[in-house]
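The next block holds one structure in the form of structure tokens; read it before the comments.
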Amino acid sequence: MMDVSGWSRLRGKINALAAVVLSVLLMTAWLAQSTFVQAMQKSEQTSSSLSRYEQGATSGNVYVGQAKCITCHKGMSSAASTPMGEAAAEPLRSGMPDYSTMSYQSGQYTVRIEKNDAGMNMKVSDGSASLSVPVRWIFGKGYDGQTFLLEKDGQLYESRSSYYAALGHLDKTIGHSNAPPASLMAALGRALPKEEVERCFSCHTSENLFAGRVEVQQAHPGVTCENCHGAGSEHVALMSATSRQTPLTDAEIFNPASLAPADLNDFCGSCHRTTRDVMRSGVRDIRNVRFQPYRLENSRCYDPSDERIQCTACHDPHRKLETSSAVYDQKCLACHASQSSGTVSQKAPACPRATKDCASCHMPKLNLPGAHFAFTDHYIRVVKPGEPYPD
Ligand code: HEC
Ligand code: HEC
Ligand code: HEC
Ligand code: HEC
Ligand code: HEC
Ligand code: HEC
Ligand code: HEC
């Protein structure tokens with residue numbers, strides 16, 4: 001939906017990022033923001049334990065699928081139904097909005113979605129001519145929106161119109177041109193270059209990485225266990241073996257808990273976008289509000305070695321997003337003193353204004369134009385009324 005041209009990263013290539021040499025000129029411009037530079041230097045350090053994960057499936061270690069993982073890790077089964085776990089779907093999956101009532105008008109073209117026995121089609125007509133193309137994938141669980149990937153003659157297209165939950169209908173896909181489409185096909189969507197297809201799939205689907213290469217044809221919908229833990233057949237074989245020794249020194253599976261806080265943020269950032277991704281893409285405006293690792297690293301709260309400010313301090317990737325403000329308050333108060341008192345570990349200052357709902361004022365929800373969604377700004381700060389977006 002919003003792939004910003006210019007950056008090129010693939011999931012699992014975190015180590016390769018360290019090789020990127022940033023221009024001295026650009027560096028000078030950022031030196032003023034010392035925490036920022038510190039964060040970037042820190043993110044150059046990567047863990048060698050990533051190597052198993054980076055490869056994806058190899059000849060000796062293949063994907064087993066999340067159903068297999070859940071047979072032993074029953075407590076993790078909720079991961080399958082988070083928005084991440086359902087970040088992509090094949091057409092006709094149950095629980096989807098009723099697209100048949102929706103249409104999108106762009107210039108003289110009317111776009112509709114039709115169900116048929118084989119699946120779903122996106123159909124465009126200009127009153128005289130019409131064109132109908134199969135929907136191959138639906139991207140996005142839809143808390144914000146869903147974009148359709150259409151397939152024609154072996155080529156994938158990103159739909160020009162997307163479903164937006166806040167509107168309950170279709171509107172222009174964020175990032176697409178405002179200019180009226182020049183043809184029926186252009187009214188349906190934009191052809192995706194191969195590299196971009198691989199990027200979309202490496203962030204929204206799973207079991208698609210083979211010896212470091214993305215294989216789109218093999219992709220399973222959604223971000224599942226083996227996206228984050230690497231292919232699991234060796235682990236499963238080891239854990240199924242009755243004669244295995246305990247305790248194990250190596251469970252033959254990648255556990256991101258072993259990463260230092262800054263590396264963990266980059267790990268999530270391999271899909272949610274790191275500071276380096278933002279620098280390379282040059283997206284220095286409200287469009288980067290959805291790139292949480294970058295936003296968080298701008299905060300004065302951020303310390304690359306403090307696990308109280310890493311993504312997993314506030315989010316369990318195996319569960320749906322927590323929405324209770326009281327839960328997040330506890331995360332802030334792990335570092336910040338409360339007004340009355342502070343423990344030794346709460347070295348950061350107390351708020352002079354309030355004792356609860358911290359995120360509501362200091363992590364404001366900001367509207368991203370064209371996305372019909374207000375993203376939570378992870379740049380934790382004192383928000384001054386009327387201030388320009390601190391990009
Ligand atoms: C046959 C049962 C079984 C299956 C299937 C299984 N696991 Fe495990 N897993 C275990 C056990 C038991 C442990 C605890 C190992 C230990 O530390 O003794 C474990 C540990 C882990 C750990 C922590 C490893 C560490 O070093 O801290 C992760 C992560 C993990 N499993 C992920 C997975 C994933 C992903 C899958 C599917 C690809 C999976 N498991 C399938 C039994 C299983
Ligand atoms: C393989 C790519 C990938 C990785 C790695 C990844 N994410 Fe995500 N995440 C996504 C995608 C894609 C979505 C959007 C899902 C949707 O709604 O379609 C998402 C959505 C989310 C959401 C909001 C959805 C919700 O309500 O639960 C949270 C929170 C989140 N991710 C946290 C994390 C954290 C924390 C990590 C690191 C431990 C992480 N993610 C790593 C791809 C990824
Ligand atoms: C670098 C990883 C990455 C790439 C590449 C990527 N996405 Fe995403 N996408 C995400 C993450 C992370 C989220 C959740 C946070 C957000 O909304 O930005 C997301 C959110 C979305 C959403 C909204 C999900 C919801 O539940 O509302 C849609 C739709 C979407 N992406 C479609 C696409 C399409 C289509 C492509 C390719 C043309 C693509 N994305 C490429 C990582 C990626
Ligand atoms: C978006 C990334 C992501 C996905 C998807 C994911 N995990 Fe994890 N998993 C993590 C992270 C990060 C940790 C480390 C958590 C921590 O530090 O507390 C972890 C830890 C674990 C552990 C070790 C738990 C412990 O207490 O040490 C197990 C077991 C595990 N995951 C299994 C699974 C299984 C099974 C699935 C699929 C059903 C899954 N994970 C899906 C990111 C993910
Ligand atoms: C890892 C510890 C840690 C966590 C977690 C943390 N902070 Fe902070 N925060 C700090 C430190 C340290 C400072 C800087 C204090 C200073 O420079 O005097 C700070 C500064 C701030 C500031 C002042 C920023 C500015 O620009 O002046 C605000 C506001 C703030 N934090 C709010 C929060 C809120 C709200 C949360 C939870 C959503 C939170 N913090 C979580 C450590 C933390
Ligand atoms: C100090 C706590 C804190 C940390 C650390 C944190 N988040 Fe969040 N995050 C929040 C809050 C609060 C929300 C909004 C929850 C709600 O809507 O009720 C949120 C929401 C999200 C969402 C949902 C989309 C949105 O904009 O509302 C995503 C995705 C997400 N966070 C990803 C991340 C990632 C990736 C990291 C690590 C770089 C991270 N978060 C670190 C507090 C945190
Ligand atoms: C109603 C909005 C609101 C809520 C809720 C709120 N704050 Fe604040 N906070 C502010 C404002 C406004 C300031 C700036 C006050 C000033 O400069 O006098 C501030 C200042 C701060 C500072 C900077 C203090 C300093 O000495 O530099 C920190 C840290 C902070 N808040 C943390 C928190 C935490 C933690 C919570 C939750 C327990 C919280 N805030 C809840 C509005 C709020």
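Each chain in the structure tokens gets a letter, A, B and so on, in the order shown; residues start at 1 in every chain, and ligands are counted from 1 in the order they appear.
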Practice problem: From region 213-316 of chain A, collect each residue whose DSSP state is strand (DSSP E) and return the set as an NGL selection string. | Solution: :A and (213-214 or 220-221)
Residue subset to file, keeping C-alpha atoms, as a PDB file, in the first residue's frame:
```
ATOM      1  CA  ARG A 213      15.932 -15.511  -1.417  1.00  0.00           C
ATOM      2  CA  VAL A 214      12.255 -14.540  -1.391  1.00  0.00           C
ATOM      3  CA  HIS A 220       1.797 -18.300   3.026  1.00  0.00           C
ATOM      4  CA  PRO A 221      -0.512 -15.476   4.076  1.00  0.00           C
TER       5      PRO A 221
END
```
Contact check, chain A to ligand 7, at most 12 Å, counting only C-alpha atoms and all ligand atoms, closest pairs as JSON lines:
```
{"residue": "A:Ser299", "atom": "CA", "partner": "ligand 7", "partner_atom_place_in_ligand_line": "29 (C)", "distance": 11.1}
{"residue": "A:Arg300", "atom": "CA", "partner": "ligand 7", "partner_atom_place_in_ligand_line": "29 (C)", "distance": 9.3}
{"residue": "A:Cys301", "atom": "CA", "partner": "ligand 7", "partner_atom_place_in_ligand_line": "29 (C)", "distance": 8.5}
{"residue": "A:Ser325", "atom": "CA", "partner": "ligand 7", "partner_atom_place_in_ligand_line": "37 (C)", "distance": 9.5}
{"residue": "A:Ala326", "atom": "CA", "partner": "ligand 7", "partner_atom_place_in_ligand_line": "37 (C)", "distance": 9.2}
{"residue": "A:Val327", "atom": "CA", "partner": "ligand 7", "partner_atom_place_in_ligand_line": "37 (C)", "distance": 11.0}
{"residue": "A:Tyr328", "atom": "CA", "partner": "ligand 7", "partner_atom_place_in_ligand_line": "37 (C)", "distance": 8.8}
{"residue": "A:Asp329", "atom": "CA", "partner": "ligand 7", "partner_atom_place_in_ligand_line": "37 (C)", "distance": 5.7}
{"residue": "A:Gln330", "atom": "CA", "partner": "ligand 7", "partner_atom_place_in_ligand_line": "38 (C)", "distance": 8.0}
{"residue": "A:Lys331", "atom": "CA", "partner": "ligand 7", "partner_atom_place_in_ligand_line": "35 (C)", "distance": 8.6}
{"residue": "A:Cys332", "atom": "CA", "partner": "ligand 7", "partner_atom_place_in_ligand_line": "35 (C)", "distance": 5.1}
{"residue": "A:Leu333", "atom": "CA", "partner": "ligand 7", "partner_atom_place_in_ligand_line": "35 (C)", "distance": 5.7}
{"residue": "A:Ala334", "atom": "CA", "partner": "ligand 7", "partner_atom_place_in_ligand_line": "35 (C)", "distance": 9.0}
{"residue": "A:Cys335", "atom": "CA", "partner": "ligand 7", "partner_atom_place_in_ligand_line": "35 (C)", "distance": 8.1}
{"residue": "A:His336", "atom": "CA", "partner": "ligand 7", "partner_atom_place_in_ligand_line": "35 (C)", "distance": 5.4}
{"residue": "A:Ala337", "atom": "CA", "partner": "ligand 7", "partner_atom_place_in_ligand_line": "35 (C)", "distance": 7.3}
{"residue": "A:Ser338", "atom": "CA", "partner": "ligand 7", "partner_atom_place_in_ligand_line": "38 (C)", "distance": 6.4}
{"residue": "A:Gln339", "atom": "CA", "partner": "ligand 7", "partner_atom_place_in_ligand_line": "38 (C)", "distance": 8.1}
{"residue": "A:Ser340", "atom": "CA", "partner": "ligand 7", "partner_atom_place_in_ligand_line": "38 (C)", "distance": 11.1}
{"residue": "A:Ser341", "atom": "CA", "partner": "ligand 7", "partner_atom_place_in_ligand_line": "38 (C)", "distance": 11.9}
{"residue": "A:Gly342", "atom": "CA", "partner": "ligand 7", "partner_atom_place_in_ligand_line": "35 (C)", "distance": 11.4}
{"residue": "A:Gln346", "atom": "CA", "partner": "ligand 7", "partner_atom_place_in_ligand_line": "35 (C)", "distance": 10.2}
{"residue": "A:Lys347", "atom": "CA", "partner": "ligand 7", "partner_atom_place_in_ligand_line": "29 (C)", "distance": 10.1}
{"residue": "A:Ala348", "atom": "CA", "partner": "ligand 7", "partner_atom_place_in_ligand_line": "29 (C)", "distance": 6.5}
{"residue": "A:Pro349", "atom": "CA", "partner": "ligand 7", "partner_atom_place_in_ligand_line": "29 (C)", "distance": 4.9}
{"residue": "A:Ala350", "atom": "CA", "partner": "ligand 7", "partner_atom_place_in_ligand_line": "29 (C)", "distance": 5.2}
{"residue": "A:Cys351", "atom": "CA", "partner": "ligand 7", "partner_atom_place_in_ligand_line": "31 (N)", "distance": 3.7}
{"residue": "A:Pro352", "atom": "CA", "partner": "ligand 7", "partner_atom_place_in_ligand_line": "20 (C)", "distance": 5.8}
{"residue": "A:Arg353", "atom": "CA", "partner": "ligand 7", "partner_atom_place_in_ligand_line": "10 (C)", "distance": 5.2}
{"residue": "A:Ala354", "atom": "CA", "partner": "ligand 7", "partner_atom_place_in_ligand_line": "41 (C)", "distance": 4.5}
{"residue": "A:Thr355", "atom": "CA", "partner": "ligand 7", "partner_atom_place_in_ligand_line": "38 (C)", "distance": 4.0}
{"residue": "A:Lys356", "atom": "CA", "partner": "ligand 7", "partner_atom_place_in_ligand_line": "38 (C)", "distance": 4.2}
{"residue": "A:Asp357", "atom": "CA", "partner": "ligand 7", "partner_atom_place_in_ligand_line": "5 (C)", "distance": 4.6}
{"residue": "A:Cys358", "atom": "CA", "partner": "ligand 7", "partner_atom_place_in_ligand_line": "37 (C)", "distance": 3.4}
{"residue": "A:Ala359", "atom": "CA", "partner": "ligand 7", "partner_atom_place_in_ligand_line": "41 (C)", "distance": 6.9}
{"residue": "A:Ser360", "atom": "CA", "partner": "ligand 7", "partner_atom_place_in_ligand_line": "5 (C)", "distance": 6.0}
{"residue": "A:Cys361", "atom": "CA", "partner": "ligand 7", "partner_atom_place_in_ligand_line": "2 (C)", "distance": 4.4}
{"residue": "A:His362", "atom": "CA", "partner": "ligand 7", "partner_atom_place_in_ligand_line": "7 (N)", "distance": 6.4}
{"residue": "A:Met363", "atom": "CA", "partner": "ligand 7", "partner_atom_place_in_ligand_line": "6 (C)", "distance": 9.7}
{"residue": "A:Pro364", "atom": "CA", "partner": "ligand 7", "partner_atom_place_in_ligand_line": "2 (C)", "distance": 10.0}
{"residue": "A:Ile380", "atom": "CA", "partner": "ligand 7", "partner_atom_place_in_ligand_line": "32 (C)", "distance": 9.1}
{"residue": "A:Arg381", "atom": "CA", "partner": "ligand 7", "partner_atom_place_in_ligand_line": "22 (C)", "distance": 7.7}
{"residue": "A:Val382", "atom": "CA", "partner": "ligand 7", "partner_atom_place_in_ligand_line": "13 (C)", "distance": 5.4}
{"residue": "A:Val383", "atom": "CA", "partner": "ligand 7", "partner_atom_place_in_ligand_line": "12 (C)", "distance": 7.0}
{"residue": "A:Lys384", "atom": "CA", "partner": "ligand 7", "partner_atom_place_in_ligand_line": "12 (C)", "distance": 7.5}
{"residue": "A:Pro385", "atom": "CA", "partner": "ligand 7", "partner_atom_place_in_ligand_line": "12 (C)", "distance": 9.2}
```
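The list of residues with at least one atom within 8 Å of Leu149 (chain A), based on only C-alpha atoms and without residues fewer than 5 positions apart in the same chain, reads Val135, Arg136, Trp137, Ile138, Phe139, Leu156, Tyr157, Glu158 and Ser159 of chain A.
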Close residues to ligand 3 using only C-alpha atoms and all ligand atoms, limit 6 Å, as a short mmCIF file (atom, residue, chain, number, x, y, z; two decimals) with N, CA and C atoms, in the first residue's frame:
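Final file, out.cif:
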```cif
data_model
loop_
_atom_site.label_atom_id
_atom_site.label_comp_id
_atom_site.auth_asym_id
_atom_site.auth_seq_id
_atom_site.Cartn_x
_atom_site.Cartn_y
_atom_site.Cartn_z
N MET A 1 0.82 -1.19 0.00
CA MET A 1 0.00 0.00 0.00
C MET A 1 0.86 1.25 0.00
N MET A 2 1.91 1.23 0.80
CA MET A 2 2.61 2.50 0.98
C MET A 2 4.10 2.36 0.81
N ASP A 3 4.47 1.47 -0.07
CA ASP A 3 5.89 1.28 -0.23
C ASP A 3 6.49 2.56 -0.80
N PHE A 139 -4.05 -7.65 0.99
CA PHE A 139 -3.00 -7.26 1.93
C PHE A 139 -3.58 -6.36 3.01
N GLY A 140 -3.23 -6.66 4.27
CA GLY A 140 -3.71 -5.87 5.40
C GLY A 140 -4.87 -6.57 6.07
N LYS A 141 -4.78 -6.66 7.40
CA LYS A 141 -5.88 -7.22 8.17
C LYS A 141 -7.07 -6.27 8.09
N GLY A 142 -6.75 -4.97 8.03
CA GLY A 142 -7.81 -4.01 7.81
C GLY A 142 -8.19 -3.14 9.00
N TYR A 143 -7.33 -3.05 10.05
CA TYR A 143 -7.67 -2.11 11.12
C TYR A 143 -7.56 -0.69 10.58
N ASP A 144 -6.75 -0.52 9.55
CA ASP A 144 -6.63 0.74 8.83
C ASP A 144 -7.23 0.54 7.45
N GLY A 145 -6.64 -0.35 6.67
CA GLY A 145 -7.14 -0.56 5.32
C GLY A 145 -6.66 -1.86 4.72
N GLN A 146 -7.15 -2.14 3.52
CA GLN A 146 -6.74 -3.33 2.78
C GLN A 146 -6.50 -2.96 1.33
N THR A 147 -5.41 -3.46 0.79
CA THR A 147 -5.09 -3.23 -0.61
C THR A 147 -5.11 -4.57 -1.32
N GLU A 158 -0.78 -3.63 -7.87
CA GLU A 158 -1.32 -3.11 -6.62
C GLU A 158 -2.56 -2.28 -6.96
N ARG A 199 9.47 -7.33 -1.76
CA ARG A 199 9.44 -6.55 -0.51
C ARG A 199 8.08 -6.68 0.18
N CYS A 200 7.01 -6.49 -0.59
CA CYS A 200 5.67 -6.60 0.00
C CYS A 200 5.51 -7.97 0.66
N CYS A 203 7.29 -8.73 3.98
CA CYS A 203 6.72 -8.10 5.18
C CYS A 203 5.32 -8.62 5.53
N CYS A 271 10.48 -4.89 9.28
CA CYS A 271 9.19 -4.66 8.60
C CYS A 271 8.59 -3.30 8.96
N HIS A 272 8.78 -2.86 10.21
CA HIS A 272 8.15 -1.59 10.63
C HIS A 272 9.00 -0.37 10.29
N ARG A 273 10.14 -0.58 9.73
CA ARG A 273 11.08 0.43 9.23
C ARG A 273 11.96 1.03 10.33
N ARG A 290 4.18 6.24 10.71
CA ARG A 290 3.88 4.82 10.90
C ARG A 290 5.15 3.98 11.04
#
```
Can you check which parts of chain A lie within 8 Å of ligand 6? Per residue, the shortest pair of atoms and distance in Å to one decimal, counting only C-alpha atoms and all ligand atoms, sorted by chain and number, as a Markdown table.
```
| residue | atom | partner | partner_atom_place_in_ligand_line | distance |
| --- | --- | --- | --- | --- |
| A:Asn265 | CA | ligand 6 | 38 (C) | 4.8 |
| A:Asp266 | CA | ligand 6 | 38 (C) | 7.4 |
| A:Cys268 | CA | ligand 6 | 35 (C) | 5.3 |
| A:Gly269 | CA | ligand 6 | 35 (C) | 6.1 |
| A:His272 | CA | ligand 6 | 35 (C) | 5.5 |
| A:Val289 | CA | ligand 6 | 26 (O) | 7.7 |
| A:Arg290 | CA | ligand 6 | 26 (O) | 5.9 |
| A:Phe291 | CA | ligand 6 | 35 (C) | 7.4 |
| A:Gln292 | CA | ligand 6 | 38 (C) | 4.8 |
| A:Pro293 | CA | ligand 6 | 38 (C) | 3.4 |
| A:Tyr294 | CA | ligand 6 | 38 (C) | 7.0 |
| A:Arg295 | CA | ligand 6 | 38 (C) | 7.7 |
| A:Leu296 | CA | ligand 6 | 38 (C) | 6.0 |
| A:Glu297 | CA | ligand 6 | 38 (C) | 7.8 |
| A:Arg308 | CA | ligand 6 | 5 (C) | 7.1 |
| A:Ile309 | CA | ligand 6 | 5 (C) | 4.4 |
| A:Gln310 | CA | ligand 6 | 5 (C) | 4.9 |
| A:Cys311 | CA | ligand 6 | 37 (C) | 3.3 |
| A:Thr312 | CA | ligand 6 | 5 (C) | 6.8 |
| A:Ala313 | CA | ligand 6 | 5 (C) | 5.7 |
| A:Cys314 | CA | ligand 6 | 2 (C) | 4.5 |
| A:His315 | CA | ligand 6 | 7 (N) | 6.4 |
| A:Leu321 | CA | ligand 6 | 15 (C) | 6.6 |
| A:Glu322 | CA | ligand 6 | 18 (O) | 6.1 |
| A:Thr323 | CA | ligand 6 | 18 (O) | 3.5 |
| A:Ser324 | CA | ligand 6 | 18 (O) | 6.1 |
| A:Ser325 | CA | ligand 6 | 18 (O) | 6.5 |
| A:Tyr328 | CA | ligand 6 | 12 (C) | 5.8 |
| A:Lys331 | CA | ligand 6 | 1 (C) | 5.7 |
| A:Cys332 | CA | ligand 6 | 1 (C) | 5.9 |
| A:Ala359 | CA | ligand 6 | 12 (C) | 5.3 |
| A:Ser360 | CA | ligand 6 | 12 (C) | 7.7 |
| A:Met363 | CA | ligand 6 | 12 (C) | 6.8 |
| A:Lys365 | CA | ligand 6 | 26 (O) | 7.1 |
| A:Ala374 | CA | ligand 6 | 26 (O) | 6.7 |
| A:Phe375 | CA | ligand 6 | 26 (O) | 3.4 |
| A:Thr376 | CA | ligand 6 | 26 (O) | 3.7 |
| A:Asp377 | CA | ligand 6 | 26 (O) | 6.5 |
| A:His378 | CA | ligand 6 | 7 (N) | 6.3 |
```
Quiz item: Got a sec: who's within 12 Å of region 171-182 of chain A, counting only C-alpha atoms, leaving out chain neighbours fewer than 4 positions off, as a PyMOL selection string?
Solution: chain A and resi 1-5+102-112+124+126+139+144-149+158-167+186-191+287+368-373
Exercise. Rounded to one decimal place, report the CA of Arg319 (chain A)-atom 14 (C, counted along the ligand's line) of ligand 2 distance in Å.
Key: 13.0 Å
Quiz item: So what do you get for atom 39 (C, counted along the ligand's line) of ligand 5 versus CA of Pro304 (chain A), distance-wise?
Solution: 14.2 Å
Quiz prompt | All residues having an atom within 9 Å of ligand 1 (only C-alpha atoms and all ligand atoms) as a ChimeraX atom specification | solution = /A:63-73,224-241,245-258
Pull C-alpha atoms from the residues just selected and write them as a tab-separated table (two decimals), in the first residue's frame.
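The result, written out as out.tsv:
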```
chain	number	residue	atom	x	y	z
A	63	TYR	CA	9.57	-24.63	7.20
A	64	VAL	CA	7.03	-26.68	9.17
A	65	GLY	CA	4.15	-24.17	9.36
A	66	GLN	CA	2.62	-22.53	12.41
A	67	ALA	CA	0.09	-25.32	13.05
A	68	LYS	CA	3.04	-27.57	13.90
A	69	CYS	CA	4.61	-25.02	16.27
A	70	ILE	CA	1.33	-24.58	18.09
A	71	THR	CA	1.05	-28.32	18.81
A	72	CYS	CA	3.73	-27.81	21.48
A	73	HIS	CA	3.58	-24.03	22.10
A	224	THR	CA	3.74	-16.38	11.27
A	225	CYS	CA	6.10	-18.04	13.75
A	226	GLU	CA	8.82	-18.82	11.25
A	227	ASN	CA	9.04	-15.19	10.01
A	228	CYS	CA	10.42	-14.22	13.36
A	229	HIS	CA	11.99	-17.46	14.57
A	230	GLY	CA	13.35	-18.86	11.32
A	231	ALA	CA	12.56	-22.19	9.69
A	232	GLY	CA	11.83	-24.74	12.39
A	233	SER	CA	12.27	-28.34	11.20
A	234	GLU	CA	15.60	-28.87	13.02
A	235	HIS	CA	14.08	-27.47	16.21
A	236	VAL	CA	11.02	-29.68	15.89
A	237	ALA	CA	13.16	-32.76	15.24
A	238	LEU	CA	15.29	-31.98	18.27
A	239	MET	CA	12.28	-31.29	20.51
A	240	SER	CA	10.49	-34.43	19.33
A	241	ALA	CA	13.48	-36.67	20.01
A	245	GLN	CA	19.51	-33.94	26.68
A	246	THR	CA	18.22	-31.29	29.03
A	247	PRO	CA	19.01	-28.53	29.59
A	248	LEU	CA	19.78	-27.62	25.98
A	249	THR	CA	22.54	-25.22	25.11
A	250	ASP	CA	21.02	-24.62	21.68
A	251	ALA	CA	17.36	-25.24	20.88
A	252	GLU	CA	18.15	-24.87	17.13
A	253	ILE	CA	15.72	-21.97	16.74
A	254	PHE	CA	16.17	-18.21	16.75
A	255	ASN	CA	14.83	-16.45	19.84
A	256	PRO	CA	14.75	-12.65	19.41
A	257	ALA	CA	14.81	-12.35	23.22
A	258	SER	CA	18.58	-12.77	22.84
```
Quiz item: as a ChimeraX atom specification, which residues of region 246-372 of chain A does DSSP assign to helix (DSSP H, G or I)?
Solution: /A:256-258,261-272,275-281,286-290,292-298,307-309,311-314,325-332,358-362
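When only C-alpha atoms and all ligand atoms are used to compute distances to ligand 2, the closest of the residues A:Ser77, A:Thr205, A:Asn288, A:Thr274 turns out to be A:Thr205.
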